[in-house]
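First the structure, in the form of structure tokens, and then the observations on it.
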Amino acid sequence: MQNKRVAKRGISIGQISDRTGLAPSAIRYYEDEGLVSPFRNAGGQRQYERADIRRLSFVMIAQTMGFSIAQIGEVLDRLPEGRTPTPADWARISKTFRADLDARIAQMEALRDKLDGCIGCGCLSLSHCKLYNPNDRIKKRGSGPRYLLGDTPDELTED
């Protein structure tokens with residue numbers, strides 16, 4: 001049985017490339033990852049729904065914010081197939097990213113606010129930082145910039 005969407009007029013990979021700014025190879029990659037699902041016309045050529053322009057634009061934006069293809073795919077799976085998503089659809093899926101973005105913003109604000117101090121606090125094994133890391137206490141929590149990774153001075157006890 002022939003795909004019902006074949007009767008619809010889709011847009012070609014070249015047209016979707018022009019509209020999104022993505023190279024056709026990138027579009028095919030996103031197809032391989034299941035982020036878009038083109039159909040084939042009677043001549044066997046890939047045809048995309050107009051809604052795929054928004055889907056691919058969302059993929060590009062979400063990737064620039066640091067979300068993985070897997071995370072993006074999970075969110076896109078919640079969008080309707082075969083129709084352009086409504087503002088309500090987009091609002092619903094945007095809530096999925098809100099908590100993650102809020103956490104990232106908080107982490108960036110902490111970095112900004114502490115950047116002029118000792119951002120190492122453990123990563124450089126500073127044993128004489130009386131303000132942020134007296135007696136190198138934070139080193140007991142592990143390597144790296146411990147305070148920026150979420151450790152707090154009040155979690156530590158003196159020897």
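Labels used: A, B, ... for chains in the order of the structure tokens, numbers from 1 for residues in each chain, and numbers from 1 for ligands as shown.
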Write out, as a tab-separated table, each residue of range 52-112 of chain A that has an atom at most 9 Å from range 26-42 of chain A, together with the closest pair of atoms and their distance in Å to one decimal, counting only C-alpha atoms, rows going by chain and rising number.
```
residue	atom	partner	partner_atom	distance
A:Asp52	CA	A:Val36	CA	6.5
A:Arg55	CA	A:Val36	CA	7.4
A:Leu56	CA	A:Val36	CA	7.6
A:Val59	CA	A:Leu35	CA	8.1
A:Ile69	CA	A:Glu33	CA	7.7
A:Ala70	CA	A:Glu33	CA	8.4
A:Ile72	CA	A:Leu35	CA	8.0
A:Gly73	CA	A:Leu35	CA	5.7
A:Leu76	CA	A:Leu35	CA	6.9
A:Asp77	CA	A:Leu35	CA	8.1
```
All strand (DSSP E) positions in range 7-52 of chain A, as number ranges by chain
A: 39-40, 46-47
Which neighbours of Ser12 in chain A fall inside 9 Å, counting only C-alpha atoms, when residues of the same chain fewer than 3 positions from it are skipped, and could you give them as a PyMOL selection string?
chain A and resi 15-17+45-48
Across A:Met108, A:Arg92, A:Ile138, A:Thr64, the smallest distance to Leu79 in chain A, with only C-alpha atoms counted, is shown by A:Arg92
Could you pull out the helix (DSSP H, G or I) residues of range 1-89 of chain A from DSSP and send them as a PyMOL selection string?
chain A and resi 4-7+13-20+24-32+51-64+69-76+87-89
How many Å separate CA of Gly44 in chain A from CA of Arg9 in chain A?
13.3 Å
Go ahead and compute the interatomic distance for CA of Thr20 in chain A and CA of Phe58 in chain A, in Å to one decimal.
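Calculated distance between CA of Thr20 in chain A and CA of Phe58 in chain A is 10.1 Å.
Counting only C-alpha atoms and comparing A:Ile53, A:Thr152, A:Ala91, A:Gly142, the residue that lies closest to Gly14 in chain A is A:Ile53.
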Could you name the residues that touch Ala51 in chain A at 10 Å or less, counting only C-alpha atoms, but leaving out those on the same chain fewer than 6 positions away, as a ChimeraX atom specification?
/A:36,80-85
Would you mind exporting C-alpha atoms of the selected residues as a short mmCIF file (atom, residue, chain, number, x, y, z; two decimals), in the first residue's frame?
```cif
data_model
loop_
_atom_site.label_atom_id
_atom_site.label_comp_id
_atom_site.auth_asym_id
_atom_site.auth_seq_id
_atom_site.Cartn_x
_atom_site.Cartn_y
_atom_site.Cartn_z
CA VAL A 36 12.58 14.14 10.75
CA PRO A 80 2.37 15.82 16.30
CA GLU A 81 3.21 14.08 13.05
CA GLY A 82 1.75 15.31 9.81
CA ARG A 83 0.82 18.82 10.87
CA THR A 84 2.55 22.01 11.80
CA PRO A 85 2.94 22.25 15.57
#
```
Of A:Trp90, A:Lys139, A:Val75, A:Met65, the one sitting nearest Asp102 in chain A when using only C-alpha atoms is A:Met65
Could you work out how far CA of Ile11 in chain A lies from CA of Arg50 in chain A, giving the answer in Å with one decimal?
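Calculated distance between CA of Arg50 in chain A and CA of Ile11 in chain A is 6.9 Å.
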